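Listing of work-v7.cif; format and content: mmCIF, C-alpha atoms.
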```
data_data
loop_
_atom_site.label_atom_id
_atom_site.label_comp_id
_atom_site.auth_asym_id
_atom_site.auth_seq_id
_atom_site.Cartn_x
_atom_site.Cartn_y
_atom_site.Cartn_z
CA MET A 1 0.00 0.00 0.00
CA TYR A 2 1.45 3.38 -1.02
CA ASN A 3 0.62 6.63 0.77
CA LYS A 4 0.34 9.79 -1.29
CA ILE A 5 1.91 12.89 0.28
CA ASN A 6 2.44 16.50 -0.75
CA VAL A 7 5.57 18.36 0.34
CA THR A 8 7.12 21.76 -0.25
CA GLY A 9 10.76 21.56 -1.12
CA MET A 10 13.76 22.09 -3.36
CA VAL A 11 15.69 19.53 -5.37
CA ILE A 12 19.24 19.74 -4.00
CA ALA A 13 20.69 16.72 -5.83
CA ALA A 14 19.86 14.61 -8.88
CA MET A 15 21.64 11.62 -10.35
CA PRO A 16 20.86 9.22 -13.22
CA VAL A 17 19.58 5.75 -12.45
CA GLY A 18 19.37 3.14 -15.20
CA GLU A 19 18.58 4.29 -18.71
CA TYR A 20 15.68 6.68 -18.14
CA ASP A 21 15.25 7.35 -14.41
CA ARG A 22 16.62 9.78 -11.86
CA ARG A 23 17.16 9.60 -8.14
CA ILE A 24 16.61 13.00 -6.58
CA THR A 25 17.11 14.42 -3.11
CA ILE A 26 14.56 16.99 -1.98
CA LEU A 27 14.97 19.24 1.03
CA THR A 28 11.40 19.49 2.27
CA MET A 29 9.63 21.68 4.78
CA GLU A 30 7.69 18.77 6.25
CA ARG A 31 10.14 15.87 6.35
CA GLY A 32 13.61 17.27 5.97
CA LYS A 33 15.87 15.60 3.42
CA ILE A 34 14.25 12.77 1.48
CA SER A 35 15.22 10.77 -1.60
CA ALA A 36 12.80 9.84 -4.35
CA PHE A 37 12.84 8.02 -7.68
CA ALA A 38 11.62 9.93 -10.73
CA ARG A 39 10.65 7.24 -13.21
CA GLY A 40 11.25 8.18 -16.85
CA ALA A 41 12.62 11.60 -15.85
CA ARG A 42 15.49 11.39 -18.34
CA LYS A 43 13.29 10.81 -21.35
CA PRO A 44 13.16 13.92 -23.56
CA THR A 45 9.38 13.93 -23.36
CA GLY A 46 9.16 12.68 -19.77
CA ALA A 47 6.61 14.43 -17.58
CA LEU A 48 9.10 14.55 -14.71
CA LEU A 49 12.03 15.88 -16.73
CA ALA A 50 11.88 19.50 -15.54
CA CYS A 51 10.72 18.99 -11.98
CA SER A 52 13.52 16.51 -11.21
CA GLN A 53 16.32 18.98 -11.95
CA GLN A 54 18.54 20.52 -9.29
CA PHE A 55 17.27 23.91 -7.99
CA ALA A 56 13.60 23.12 -8.79
CA PHE A 57 11.47 24.58 -5.97
CA GLY A 58 7.77 23.99 -5.42
CA GLU A 59 5.14 21.47 -4.35
CA PHE A 60 6.00 17.81 -4.93
CA VAL A 61 3.58 14.90 -5.03
CA LEU A 62 5.15 11.67 -3.79
CA TYR A 63 4.13 8.13 -3.12
CA GLU A 64 5.64 6.83 0.08
CA GLY A 65 6.67 3.20 -0.18
CA ARG A 66 8.15 0.90 2.40
CA ASP A 67 11.76 1.82 1.62
CA SER A 68 11.64 4.85 -0.68
CA TYR A 69 9.57 7.63 -2.22
CA ASN A 70 8.45 7.85 -5.84
CA LEU A 71 7.85 11.19 -7.54
CA GLU A 72 4.42 11.40 -9.10
CA GLY A 73 4.40 15.05 -10.15
CA ALA A 74 5.11 18.61 -9.06
CA ASP A 75 3.93 22.18 -9.23
CA ILE A 76 7.23 24.03 -9.61
CA LYS A 77 7.19 27.66 -8.50
CA THR A 78 10.66 28.50 -9.77
CA TYR A 79 13.66 26.89 -11.42
CA PHE A 80 15.91 29.88 -10.61
CA GLY A 81 16.45 30.35 -14.32
CA ASP A 82 18.63 33.46 -14.01
CA ILE A 83 21.19 31.44 -12.05
CA ARG A 84 21.33 28.88 -14.83
CA ASN A 85 22.33 31.61 -17.29
CA ASP A 86 25.46 32.44 -15.26
CA MET A 87 28.09 29.70 -14.98
CA ASN A 88 29.54 31.16 -11.79
CA GLY A 89 26.03 31.42 -10.35
CA ILE A 90 25.40 27.77 -11.20
CA TYR A 91 28.47 26.70 -9.24
CA TYR A 92 27.50 28.81 -6.23
CA GLY A 93 24.01 27.32 -6.35
CA MET A 94 25.46 23.82 -6.62
CA TYR A 95 27.73 24.55 -3.68
CA MET A 96 24.84 25.64 -1.48
CA CYS A 97 22.88 22.54 -2.48
CA GLU A 98 25.85 20.31 -1.64
CA PHE A 99 26.26 22.09 1.70
CA ALA A 100 22.60 21.46 2.54
CA LEU A 101 22.85 17.87 1.30
CA TYR A 102 25.78 17.21 3.63
CA MET A 103 24.40 19.06 6.65
CA SER A 104 20.71 18.10 6.57
CA ARG A 105 19.29 14.90 8.01
CA GLU A 106 16.84 12.34 6.69
CA ASN A 107 13.24 12.78 7.83
CA VAL A 108 14.08 15.58 10.28
CA GLN A 109 12.20 18.84 9.84
CA PRO A 110 14.78 21.45 8.81
CA GLY A 111 13.23 24.45 10.57
CA GLN A 112 14.12 27.58 8.60
CA ILE A 113 16.74 25.89 6.39
CA LEU A 114 14.47 25.51 3.37
CA ASN A 115 13.49 29.18 3.59
CA LEU A 116 17.18 30.05 3.90
CA MET A 117 17.91 28.04 0.76
CA TYR A 118 15.18 29.91 -1.10
CA VAL A 119 16.26 33.43 -0.12
CA SER A 120 19.93 32.57 -0.74
CA MET A 121 19.20 31.33 -4.24
CA ARG A 122 17.17 34.49 -4.86
CA ALA A 123 20.14 36.55 -3.71
CA LEU A 124 22.37 34.76 -6.24
CA GLU A 125 19.78 35.42 -8.92
CA LYS A 126 19.39 39.15 -8.22
CA ALA A 127 23.16 39.76 -8.09
CA ARG A 128 22.85 42.75 -5.73
CA MET A 129 25.59 41.30 -3.54
CA PRO A 130 28.91 39.72 -4.51
CA LYS A 131 28.45 35.97 -4.80
CA LYS A 132 31.24 35.41 -2.30
CA LEU A 133 29.28 37.44 0.27
CA VAL A 134 26.07 35.53 -0.50
CA ARG A 135 27.95 32.30 0.11
CA ARG A 136 29.41 33.41 3.45
CA VAL A 137 26.08 34.79 4.67
CA PHE A 138 24.42 31.52 3.70
CA GLU A 139 27.01 29.39 5.50
CA MET A 140 27.00 31.41 8.72
CA ARG A 141 23.21 31.59 8.88
CA TYR A 142 22.88 27.89 8.04
CA LEU A 143 25.14 26.95 10.94
CA THR A 144 23.30 29.38 13.19
CA GLU A 145 19.96 27.78 12.32
CA ASP A 146 21.58 24.39 12.90
CA GLY A 147 22.59 25.30 16.45
CA GLU A 148 26.18 26.39 15.73
CA MET A 149 25.93 30.15 16.21
CA PRO A 150 29.16 31.84 17.37
CA GLU A 151 29.13 34.29 20.25
CA VAL A 152 29.22 37.68 18.54
CA TYR A 153 27.45 39.86 21.11
CA SER A 154 29.76 39.61 24.13
CA CYS A 155 33.35 38.73 24.94
CA LEU A 156 33.90 35.02 25.54
CA LEU A 157 36.14 35.75 28.53
CA CYS A 158 34.83 38.79 30.39
CA HIS A 159 31.31 38.86 28.84
CA ARG A 160 31.45 42.56 27.99
CA GLU A 161 28.65 43.50 25.61
CA ASP A 162 29.87 46.86 24.25
CA LEU A 163 32.15 45.26 21.67
CA LEU A 164 31.19 47.65 18.88
CA GLU A 165 33.04 50.35 20.86
CA GLU A 166 36.27 48.32 20.89
CA GLU A 167 39.22 49.24 18.69
CA ARG A 168 40.49 45.67 18.39
CA ILE A 169 38.46 42.47 18.48
CA LEU A 170 39.46 38.89 17.81
CA PHE A 171 37.34 36.08 16.43
CA ASP A 172 38.40 32.77 17.99
CA ALA A 173 36.67 29.96 16.11
CA GLU A 174 38.08 27.25 18.32
CA LYS A 175 36.69 28.87 21.46
CA GLY A 176 33.41 29.83 19.82
CA GLY A 177 33.28 33.55 19.16
CA VAL A 178 34.74 36.98 19.83
CA VAL A 179 37.20 38.28 22.42
CA CYS A 180 37.47 41.94 23.42
CA ASP A 181 40.57 44.13 23.34
CA ALA A 182 41.20 43.83 27.08
CA CYS A 183 41.20 40.03 26.92
CA ASN A 184 42.74 39.35 23.53
CA LEU A 185 46.30 39.04 24.83
CA LYS A 186 45.19 35.75 26.35
CA HIS A 187 43.81 34.48 23.05
CA THR A 188 44.74 33.85 19.48
CA GLY A 189 42.34 34.39 16.64
CA LEU A 190 41.47 36.50 13.63
CA PRO A 191 41.37 40.28 14.13
CA ILE A 192 38.10 41.77 12.90
CA SER A 193 36.87 45.33 12.60
CA ARG A 194 33.76 46.75 14.19
CA SER A 195 32.15 46.81 10.75
CA ALA A 196 32.78 43.10 10.28
CA LEU A 197 31.46 42.33 13.77
CA TYR A 198 28.33 44.36 13.09
CA ALA A 199 27.82 42.42 9.85
CA LEU A 200 28.18 39.12 11.72
CA GLN A 201 25.61 40.23 14.28
CA TYR A 202 23.23 41.09 11.47
CA ILE A 203 23.79 37.78 9.66
CA VAL A 204 22.97 35.63 12.68
CA SER A 205 19.87 37.59 13.74
CA ALA A 206 18.19 39.31 10.78
CA PRO A 207 14.80 38.10 9.54
CA LEU A 208 15.35 35.82 6.56
CA GLU A 209 13.39 38.08 4.24
CA ARG A 210 15.92 40.86 4.96
CA LEU A 211 19.04 38.73 5.28
CA PHE A 212 20.51 39.81 1.94
CA SER A 213 19.47 43.45 2.09
CA PHE A 214 22.93 44.82 2.93
CA ASN A 215 26.36 45.11 1.39
CA VAL A 216 29.88 45.72 2.67
CA LYS A 217 33.14 47.24 1.51
CA GLU A 218 35.71 44.96 -0.07
CA THR A 219 37.93 45.10 3.03
CA VAL A 220 35.04 43.98 5.26
CA LEU A 221 34.14 41.24 2.79
CA GLU A 222 37.69 39.94 3.04
CA GLU A 223 37.36 39.83 6.84
CA LEU A 224 34.02 38.03 6.67
CA ASP A 225 35.45 35.61 4.14
CA ARG A 226 38.25 34.62 6.53
CA VAL A 227 36.07 34.50 9.64
CA VAL A 228 33.25 32.45 8.16
CA ALA A 229 35.66 30.11 6.36
CA THR A 230 37.34 29.42 9.70
CA TRP A 231 33.98 28.91 11.43
CA VAL A 232 32.84 26.46 8.75
CA SER A 233 36.14 24.59 8.94
CA THR A 234 35.89 24.09 12.69
CA ARG A 235 32.16 23.32 12.79
CA VAL A 236 31.69 21.29 9.60
CA GLY A 237 35.10 19.77 9.01
CA HIS A 238 34.28 18.69 5.47
CA LYS A 239 35.31 20.21 2.14
CA MET A 240 32.54 20.26 -0.45
CA LYS A 241 33.46 18.94 -3.88
CA THR A 242 31.95 21.95 -5.63
CA GLU A 243 33.97 24.43 -3.54
CA GLU A 244 36.96 24.31 -5.89
CA MET A 245 34.76 25.53 -8.75
CA LEU A 246 33.78 28.81 -7.09
CA ASP A 247 35.05 32.09 -8.54
CA ILE A 248 36.78 30.50 -11.52
CA PHE A 249 34.79 32.41 -14.13
#
```

Starting from the file, lay out its structure as structure tokens.
Amino acid sequence: MYNKINVTGMVIAAMPVGEYDRRITILTMERGKISAFARGARKPTGALLACSQQFAFGEFVLYEGRDSYNLEGADIKTYFGDIRNDMNGIYYGMYMCEFALYMSRENVQPGQILNLMYVSMRALEKARMPKKLVRRVFEMRYLTEDGEMPEVYSCLLCHREDLLEEERILFDAEKGGVVCDACNLKHTGLPISRSALYALQYIVSAPLERLFSFNVKETVLEELDRVVATWVSTRVGHKMKTEEMLDIF
């Protein structure tokens, strides 16, 4: 007996199976990461051809079997077509999908992660921010939503909260956040400016619909790039295969 279910989600991975089929991974609002077979999806005239492609976002109709799901159909809201017209954008989108694929869990509701995926892909599409900044915002907010938020509001050692008045601040990824000027002689870490700290505070706390509504100077972007890269390295500990393709075009 097969149960029919409807889920909202995004295809974050797709791979060929046999001669005509695809196996897709969908990050869903209701059930977290799930895998499904799209029968005949690789046929040129297949009804599931478009909706089984990576980046497809919408409502999916699935049949739930004993060991797997089967894709019956979908009402796709967007394919993020503007990203597909930009090779660099494609690789950034692929990277974010691979990040979500690695970090998400089977049949566990992802909280705000699906919404984060959607607004991040939209940010890549609109190109109002440098793609490198979109990536780092996505990574830091993803880890925050996943319970790995760094301490960016008070010093890890003395717990001072007026850090935006400090002249020198360190970000210590190993310890879990920022250290003020008075305490930083006891710590090692990455020096960050007040502007970079303010940006980090915004990234971890802003409503998702406004997450990508800011921009930074190139010098601040370089700081954020180093800080978030270090945070991802210590908290994820895995290098995505698509990472080496970023910024090559």

Discussion item. Show me, as a PyMOL selection string, the residues that have an atom within 7 Å of Tyr63 in chain A when counting all atoms listed in the file, minus same-chain residues fewer than 5 positions from it.
Written reply: chain A and resi 2-5+69-72

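Between CA of Val178 in chain A and CA of Val119 in chain A there is a distance of 27.4 Å.
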
Fill in: Contacts of range 21-33 of chain A within 6 Å, all atoms listed in the file, excl. fewer than 2 positions in-chain, as a list in words
Thr8, Gly9, Met10, Val11, Ile12, Ala13, Ala14, Met15, Pro16, Val17, Gly18, Ser35, Ala36, Phe37, Ala38, Arg39, Gly40, Ala41, Arg42, Arg105, Glu106, Asn107, Val108, Gln109 and Pro110 of chain A

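Atom pair CA of Gln201 in chain A / CA of Thr242 in chain A has a distance of 27.8 Å (rounded to one decimal).
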
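Between CA of Gly147 in chain A and CA of Glu125 in chain A there is a distance of 27.5 Å.
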
Discussion item. Given the point (19.2, 38.1, 14.0) in the coordinates of this file, which residues lie within 12 Å, counting all atoms listed in the file, and how would they look as number ranges by chain?
Written reply: A: 140-141, 144-145, 149, 152-153, 198-211

Worksheet entry | All residues 12 Å or closer to Leu197 in chain A, all atoms listed in the file, same chain fewer than 2 positions away omitted, as a PyMOL selection string | chain A and resi 150-155+162-171+177-180+190-195+199-204+216+220-221+223-224+227-228

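Among the candidate residues A:Phe212, A:Lys43, A:Leu133, A:Phe80, the one lying nearest to Glu19 in chain A is A:Lys43, with distances computed using only C-alpha atoms.
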
Fill in: Residues within 10 Å of Thr78 in chain A, only C-alpha atoms, excluding chain neighbours under 6 positions, as a PyMOL selection string
chain A and resi 10+51+55-58+118

Practice prompt. Using only C-alpha atoms, find the one residue out of A:Asn215, A:Asp67, A:Glu139, A:Gly237 that sits nearest to Ala127 in chain A.
Written response: A:Asn215

Centre and edge lengths, as AutoDock Vina command-line options, for the axis-aligned box enclosing every listed atom of range 91-109 of chain A with 5 Å of padding on each of the six sides, in Å to one decimal?
```
--center_x 20.3 --center_y 20.6 --center_z 0.5 --size_x 26.3 --size_y 26.5 --size_z 29.5
```

To verify the selection step, state as a PDB file with C-alpha atoms, in the coordinates of the input which residues the PyMOL selection byres ((chain A and resi 84) around 12) yields on this input.
```
ATOM      1  CA  GLN A  53      16.320  18.980 -11.950  1.00  0.00           C
ATOM      2  CA  GLN A  54      18.540  20.520  -9.290  1.00  0.00           C
ATOM      3  CA  PHE A  55      17.270  23.910  -7.990  1.00  0.00           C
ATOM      4  CA  ALA A  56      13.600  23.120  -8.790  1.00  0.00           C
ATOM      5  CA  THR A  78      10.660  28.500  -9.770  1.00  0.00           C
ATOM      6  CA  TYR A  79      13.660  26.890 -11.420  1.00  0.00           C
ATOM      7  CA  PHE A  80      15.910  29.880 -10.610  1.00  0.00           C
ATOM      8  CA  GLY A  81      16.450  30.350 -14.320  1.00  0.00           C
ATOM      9  CA  ASP A  82      18.630  33.460 -14.010  1.00  0.00           C
ATOM     10  CA  ILE A  83      21.190  31.440 -12.050  1.00  0.00           C
ATOM     11  CA  ASN A  85      22.330  31.610 -17.290  1.00  0.00           C
ATOM     12  CA  ASP A  86      25.460  32.440 -15.260  1.00  0.00           C
ATOM     13  CA  MET A  87      28.090  29.700 -14.980  1.00  0.00           C
ATOM     14  CA  ASN A  88      29.540  31.160 -11.790  1.00  0.00           C
ATOM     15  CA  GLY A  89      26.030  31.420 -10.350  1.00  0.00           C
ATOM     16  CA  ILE A  90      25.400  27.770 -11.200  1.00  0.00           C
ATOM     17  CA  TYR A  91      28.470  26.700  -9.240  1.00  0.00           C
ATOM     18  CA  TYR A  92      27.500  28.810  -6.230  1.00  0.00           C
ATOM     19  CA  GLY A  93      24.010  27.320  -6.350  1.00  0.00           C
ATOM     20  CA  MET A  94      25.460  23.820  -6.620  1.00  0.00           C
ATOM     21  CA  MET A 121      19.200  31.330  -4.240  1.00  0.00           C
ATOM     22  CA  LEU A 124      22.370  34.760  -6.240  1.00  0.00           C
ATOM     23  CA  GLU A 125      19.780  35.420  -8.920  1.00  0.00           C
TER      24      GLU A 125
END
```

Item to complete: Anything within 6 Å of (4.7, 21.2, -8.9): list those residues as a VMD selection string, counting all atoms listed in the file and sticking to the file's coordinates.
Response: chain A and resid 58 to 60 74 to 76

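The residue that comes closest to Ala100 in chain A, out of A:Leu143, A:Ala123, A:Ala182, A:Ala229 and on the basis of only C-alpha atoms, is A:Leu143.
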
Missing atoms in range 43-69 of chain A: can you complete it with N, CA and C atoms, as a PDB file, in the coordinates of the input?
```pdb
ATOM      1  N   LYS A  43      13.818  10.847 -19.993  1.00  0.00           N
ATOM      2  CA  LYS A  43      13.290  10.810 -21.350  1.00  0.00           C
ATOM      3  C   LYS A  43      13.030  12.225 -21.832  1.00  0.00           C
ATOM      4  N   PRO A  44      13.347  12.552 -23.060  1.00  0.00           N
ATOM      5  CA  PRO A  44      13.160  13.920 -23.560  1.00  0.00           C
ATOM      6  C   PRO A  44      11.731  14.427 -23.412  1.00  0.00           C
ATOM      7  N   THR A  45      10.780  13.526 -23.484  1.00  0.00           N
ATOM      8  CA  THR A  45       9.380  13.930 -23.360  1.00  0.00           C
ATOM      9  C   THR A  45       8.790  13.514 -22.021  1.00  0.00           C
ATOM     10  N   GLY A  46       9.636  13.145 -21.066  1.00  0.00           N
ATOM     11  CA  GLY A  46       9.160  12.680 -19.770  1.00  0.00           C
ATOM     12  C   GLY A  46       8.466  13.790 -18.986  1.00  0.00           C
ATOM     13  N   ALA A  47       7.373  13.444 -18.348  1.00  0.00           N
ATOM     14  CA  ALA A  47       6.610  14.430 -17.580  1.00  0.00           C
ATOM     15  C   ALA A  47       7.372  14.939 -16.368  1.00  0.00           C
ATOM     16  N   LEU A  48       8.348  14.176 -15.906  1.00  0.00           N
ATOM     17  CA  LEU A  48       9.100  14.550 -14.710  1.00  0.00           C
ATOM     18  C   LEU A  48      10.473  15.137 -15.033  1.00  0.00           C
ATOM     19  N   LEU A  49      10.713  15.410 -16.304  1.00  0.00           N
ATOM     20  CA  LEU A  49      12.030  15.880 -16.730  1.00  0.00           C
ATOM     21  C   LEU A  49      12.413  17.177 -16.022  1.00  0.00           C
ATOM     22  N   ALA A  50      11.545  18.179 -16.081  1.00  0.00           N
ATOM     23  CA  ALA A  50      11.880  19.500 -15.540  1.00  0.00           C
ATOM     24  C   ALA A  50      11.868  19.522 -14.017  1.00  0.00           C
ATOM     25  N   CYS A  51      10.881  18.880 -13.427  1.00  0.00           N
ATOM     26  CA  CYS A  51      10.720  18.990 -11.980  1.00  0.00           C
ATOM     27  C   CYS A  51      11.717  18.139 -11.200  1.00  0.00           C
ATOM     28  N   SER A  52      12.515  17.335 -11.897  1.00  0.00           N
ATOM     29  CA  SER A  52      13.520  16.510 -11.210  1.00  0.00           C
ATOM     30  C   SER A  52      14.930  17.074 -11.371  1.00  0.00           C
ATOM     31  N   GLN A  53      15.022  18.334 -11.787  1.00  0.00           N
ATOM     32  CA  GLN A  53      16.320  18.980 -11.950  1.00  0.00           C
ATOM     33  C   GLN A  53      16.724  19.720 -10.680  1.00  0.00           C
ATOM     34  N   GLN A  54      18.030  19.778 -10.435  1.00  0.00           N
ATOM     35  CA  GLN A  54      18.540  20.520  -9.290  1.00  0.00           C
ATOM     36  C   GLN A  54      18.072  21.973  -9.353  1.00  0.00           C
ATOM     37  N   PHE A  55      17.755  22.553  -8.223  1.00  0.00           N
ATOM     38  CA  PHE A  55      17.270  23.910  -7.990  1.00  0.00           C
ATOM     39  C   PHE A  55      15.747  24.022  -8.100  1.00  0.00           C
ATOM     40  N   ALA A  56      15.049  23.020  -8.644  1.00  0.00           N
ATOM     41  CA  ALA A  56      13.600  23.120  -8.790  1.00  0.00           C
ATOM     42  C   ALA A  56      12.944  23.265  -7.411  1.00  0.00           C
ATOM     43  N   PHE A  57      12.109  24.292  -7.262  1.00  0.00           N
ATOM     44  CA  PHE A  57      11.470  24.580  -5.970  1.00  0.00           C
ATOM     45  C   PHE A  57       9.960  24.640  -6.168  1.00  0.00           C
ATOM     46  N   GLY A  58       9.220  23.944  -5.316  1.00  0.00           N
ATOM     47  CA  GLY A  58       7.770  23.990  -5.420  1.00  0.00           C
ATOM     48  C   GLY A  58       7.095  22.917  -4.577  1.00  0.00           C
ATOM     49  N   GLU A  59       5.936  22.491  -5.048  1.00  0.00           N
ATOM     50  CA  GLU A  59       5.140  21.470  -4.350  1.00  0.00           C
ATOM     51  C   GLU A  59       5.327  20.143  -5.087  1.00  0.00           C
ATOM     52  N   PHE A  60       5.725  19.120  -4.351  1.00  0.00           N
ATOM     53  CA  PHE A  60       6.000  17.810  -4.930  1.00  0.00           C
ATOM     54  C   PHE A  60       4.971  16.794  -4.434  1.00  0.00           C
ATOM     55  N   VAL A  61       4.509  15.969  -5.361  1.00  0.00           N
ATOM     56  CA  VAL A  61       3.580  14.900  -5.030  1.00  0.00           C
ATOM     57  C   VAL A  61       4.354  13.587  -5.057  1.00  0.00           C
ATOM     58  N   LEU A  62       4.365  12.889  -3.940  1.00  0.00           N
ATOM     59  CA  LEU A  62       5.150  11.670  -3.790  1.00  0.00           C
ATOM     60  C   LEU A  62       4.288  10.520  -3.311  1.00  0.00           C
ATOM     61  N   TYR A  63       4.698   9.344  -3.705  1.00  0.00           N
ATOM     62  CA  TYR A  63       4.130   8.130  -3.120  1.00  0.00           C
ATOM     63  C   TYR A  63       5.170   7.540  -2.185  1.00  0.00           C
ATOM     64  N   GLU A  64       4.742   7.333  -0.950  1.00  0.00           N
ATOM     65  CA  GLU A  64       5.640   6.830   0.080  1.00  0.00           C
ATOM     66  C   GLU A  64       5.550   5.312   0.151  1.00  0.00           C
ATOM     67  N   GLY A  65       6.614   4.655  -0.246  1.00  0.00           N
ATOM     68  CA  GLY A  65       6.670   3.200  -0.180  1.00  0.00           C
ATOM     69  C   GLY A  65       7.306   2.731   1.114  1.00  0.00           C
ATOM     70  N   ARG A  66       7.565   1.465   1.187  1.00  0.00           N
ATOM     71  CA  ARG A  66       8.150   0.900   2.400  1.00  0.00           C
ATOM     72  C   ARG A  66       9.586   1.387   2.598  1.00  0.00           C
ATOM     73  N   ASP A  67      10.342   1.468   1.513  1.00  0.00           N
ATOM     74  CA  ASP A  67      11.760   1.820   1.620  1.00  0.00           C
ATOM     75  C   ASP A  67      12.151   3.096   0.888  1.00  0.00           C
ATOM     76  N   SER A  68      11.259   3.672   0.100  1.00  0.00           N
ATOM     77  CA  SER A  68      11.640   4.850  -0.680  1.00  0.00           C
ATOM     78  C   SER A  68      10.393   5.622  -1.099  1.00  0.00           C
ATOM     79  N   TYR A  69      10.641   6.796  -1.666  1.00  0.00           N
ATOM     80  CA  TYR A  69       9.570   7.630  -2.220  1.00  0.00           C
ATOM     81  C   TYR A  69       9.657   7.565  -3.741  1.00  0.00           C
TER      82      TYR A  69
END
```
